[in-house]
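In what follows, a structure is listed as structure tokens, so that the remarks can point back to it.
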Amino acid sequence: MRQGLERAIARATGSPPARMTPMGGGCVAQVYKVVLESGDTMVAKVGDDGLALEGFMLGYLADHLPVPDVIHAEAGLLLMTHLESGGPLDDGAQADAAELLARLHGVTAERFGFDRPTLIGGLHQPNDQDPSWLAFFRDQRLLYMGRQAADAGRLPGALLARLEALAGRLDKWLAEPERPSLIHGDMWGGNVLCRDGRITGFVDPAIYYADPEIELAFSTLFGTFGDAFFGPYRELRPMAPGFFEERRDLYNLYPLLVHVRLFGGSYVGQVERTLGRYGF
């Protein structure tokens with residue numbers, strides 16, 4: 001496999017690899033730092049057919065957010081520029097992220113969703129465009145991923161029934177946003193690269209047009225962003241009252257269901273507790 005990968009990189013770049021070093025963070029693909037004999041350094045991601053779509057998503061974001069430049073994208077191989085990183089998401093980096101994401105969320109469209117399906121964590125993510133955010137979030141996020149998790153044997157049927165009941169009452173907590181906003185879609189710390197108190201780039205997108213609150217909620221699920229992010233973000237894009245108290249956990253049901261579909265385990269309990277919190 002290694003020799004085949006080296007040949008593929010040489011064909012795509014015109015220079016064979018001199019060194020290939022495994023990198024962390026590859027949940028659904030293998031990731032390598034590659035130094036070519038030409039002296040160029042890049043990142044190679046090796047996996048399934050979804051990497052061509054990941055390359056498309058990075059290219060779509062490139063005008064709006066710092067992301068790696070795509071050098072080559074095909075089924076099974078994605079080559080990107082290497083971005084320096086390794087620093088903590090300290091207050092400076094979080095403030096920088098707030099400015100970048102506020103700008104991204106200012107990019108709007110006519111309908112929620114996208115003009116094609118995308119991926120999240122290697123999973124299919126439907127995006128049939130819809131003028132209603134509540135209908136989109138209900139049908140193409142909560143119910144779709146809940147049923148995928150149940151079909152995979154990782155979400156018990158009783159919990160799926162509770163999820164379906166909650167999905168029918170979303171208007172109790174959510175309102176239609178003024179307009180759809182472009183989001184990165186997979187906003188956790190492993191996908192945020194920073195160095196010396198600044199963001200160097202975002203990776204592994206799962207893009208679509210949404211209520212940006214679903215992105216903000218996801219950014220808190222694993223402790224990625226905190227007050228150092230939300231203070232500057234609010235100055236640029238005011239947030240309606242009740243986000244932390246009411247809507248955040250509801251929106252985080254989607255990434256939790258993604259994790260149930262992928263991993264099962266303790267994420268099932270988190271889904272159950274969230275449903276209970278909303279009375280289901």
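In the structure tokens, the first chain shown is A, the next is B, and so on; residue numbers restart at 1 for each chain, and ligands run from 1 in the order shown.
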
Identify all residues of segment 5-117 of chain A in helix (DSSP H, G or I) (DSSP on the backbone) and supply them as a ChimeraX atom specification. /A:5-13,50-61,91-105

When DSSP works through the backbone of this structure, what residues of segment 74-225 of chain A end up as strand (DSSP E), shown as a PyMOL selection string? chain A and resi 74+77-81+118-120+123-125+181-183+192-195+198-202+208-210

Kindly export the residues of the current selection with C-alpha atoms, as a PDB file, in the first residue's frame.
ATOM      1  CA  GLU A  74      -9.602  12.285  -6.232  1.00  0.00           C
ATOM      2  CA  LEU A  77      -6.434  10.659  -2.147  1.00  0.00           C
ATOM      3  CA  LEU A  78      -6.465  14.290  -1.038  1.00  0.00           C
ATOM      4  CA  LEU A  79      -3.302  16.395  -1.146  1.00  0.00           C
ATOM      5  CA  MET A  80      -3.296  19.729   0.683  1.00  0.00           C
ATOM      6  CA  THR A  81      -0.837  22.399   1.686  1.00  0.00           C
ATOM      7  CA  THR A 118     -21.815  16.543   1.878  1.00  0.00           C
ATOM      8  CA  LEU A 119     -20.082  14.445   4.538  1.00  0.00           C
ATOM      9  CA  ILE A 120     -19.602  14.619   8.285  1.00  0.00           C
ATOM     10  CA  LEU A 123     -20.954   9.801   6.889  1.00  0.00           C
ATOM     11  CA  HIS A 124     -23.401  10.862   4.179  1.00  0.00           C
ATOM     12  CA  GLN A 125     -25.027  14.203   5.049  1.00  0.00           C
ATOM     13  CA  SER A 181     -25.721  31.092   6.793  1.00  0.00           C
ATOM     14  CA  LEU A 182     -22.752  29.142   5.506  1.00  0.00           C
ATOM     15  CA  ILE A 183     -21.183  26.991   8.232  1.00  0.00           C
ATOM     16  CA  VAL A 192      -9.135  24.067  14.313  1.00  0.00           C
ATOM     17  CA  LEU A 193      -5.427  24.693  13.692  1.00  0.00           C
ATOM     18  CA  CYS A 194      -3.644  27.510  15.500  1.00  0.00           C
ATOM     19  CA  ARG A 195      -0.211  28.808  16.353  1.00  0.00           C
ATOM     20  CA  ARG A 198      -3.792  32.948  15.822  1.00  0.00           C
ATOM     21  CA  ILE A 199      -5.848  30.564  13.705  1.00  0.00           C
ATOM     22  CA  THR A 200      -3.836  29.068  10.861  1.00  0.00           C
ATOM     23  CA  GLY A 201      -6.715  27.156   9.319  1.00  0.00           C
ATOM     24  CA  PHE A 202      -9.788  24.957   9.609  1.00  0.00           C
ATOM     25  CA  TYR A 208     -24.077  23.562   4.262  1.00  0.00           C
ATOM     26  CA  TYR A 209     -26.271  26.625   4.840  1.00  0.00           C
ATOM     27  CA  ALA A 210     -27.890  26.573   8.274  1.00  0.00           C
TER      28      ALA A 210
END

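Minimum atom-to-atom distances from A:Ala167, A:Gly121, A:Pro241, A:Glu235 to Phe280 of chain A were compared using only C-alpha atoms, and the lowest value belongs to A:Ala167.
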
Distance query Gly265 of chain A at most 12 Å, only C-alpha atoms, self and fewer than 4 positions along chain excluded, as a short mmCIF file (atom, residue, chain, number, x, y, z; two decimals) with N, CA and C atoms, in the first residue's frame:
data_model
loop_
_atom_site.label_atom_id
_atom_site.label_comp_id
_atom_site.auth_asym_id
_atom_site.auth_seq_id
_atom_site.Cartn_x
_atom_site.Cartn_y
_atom_site.Cartn_z
N ALA A 149 -28.48 5.78 12.83
CA ALA A 149 -27.89 5.17 14.03
C ALA A 149 -28.69 3.96 14.48
N GLY A 153 -27.84 -0.36 14.50
CA GLY A 153 -27.91 -1.10 15.75
C GLY A 153 -27.28 -0.37 16.92
N ARG A 154 -27.06 0.94 16.80
CA ARG A 154 -26.38 1.67 17.86
C ARG A 154 -27.30 2.59 18.65
N LEU A 155 -28.49 2.88 18.14
CA LEU A 155 -29.47 3.68 18.87
C LEU A 155 -30.68 2.81 19.14
N PRO A 156 -31.01 2.55 20.41
CA PRO A 156 -32.17 1.70 20.71
C PRO A 156 -33.45 2.26 20.12
N LEU A 256 -24.17 14.66 18.43
CA LEU A 256 -24.20 13.47 19.29
C LEU A 256 -24.72 12.26 18.52
N LEU A 257 -25.73 12.46 17.69
CA LEU A 257 -26.25 11.35 16.90
C LEU A 257 -25.22 10.87 15.87
N HIS A 259 -22.06 10.86 16.42
CA HIS A 259 -21.12 10.05 17.21
C HIS A 259 -21.74 8.72 17.62
N VAL A 260 -23.05 8.71 17.87
CA VAL A 260 -23.71 7.43 18.14
C VAL A 260 -23.61 6.53 16.92
N ARG A 261 -23.90 7.08 15.74
CA ARG A 261 -23.81 6.28 14.51
C ARG A 261 -22.40 5.74 14.29
N GLY A 269 -25.96 7.48 25.93
CA GLY A 269 -26.42 8.05 27.20
C GLY A 269 -26.57 9.56 27.12
N GLN A 270 -25.68 10.22 26.40
CA GLN A 270 -25.79 11.67 26.26
C GLN A 270 -27.04 12.06 25.48
N VAL A 271 -27.36 11.29 24.45
CA VAL A 271 -28.60 11.54 23.71
C VAL A 271 -29.80 11.35 24.62
N GLU A 272 -29.77 10.28 25.41
CA GLU A 272 -30.90 10.00 26.31
C GLU A 272 -31.08 11.12 27.33
#

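Of the listed residues (A:Leu253, A:Leu236, A:Ala206, A:Leu216), A:Ala206 comes nearest to Tyr60 of chain A; the distances count only C-alpha atoms.
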
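In this structure, atom CA of Glu84 of chain A sits 20.3 Å away from atom CA of Ala29 of chain A.
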
Closest of A:Gly226, A:Ala95, A:Ile207, A:Asn191 to Asn127 of chain A - atom-to-atom distances counting only C-alpha atoms: A:Ile207

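Proximity ranking of A:Val203, A:Leu104, A:Leu58, A:Ala18 relative to Ser85 of chain A places A:Val203 first, based on only C-alpha atoms.
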
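Relative to atom CA of Tyr251 of chain A, atom CA of Ala228 of chain A is found at 21.1 Å.
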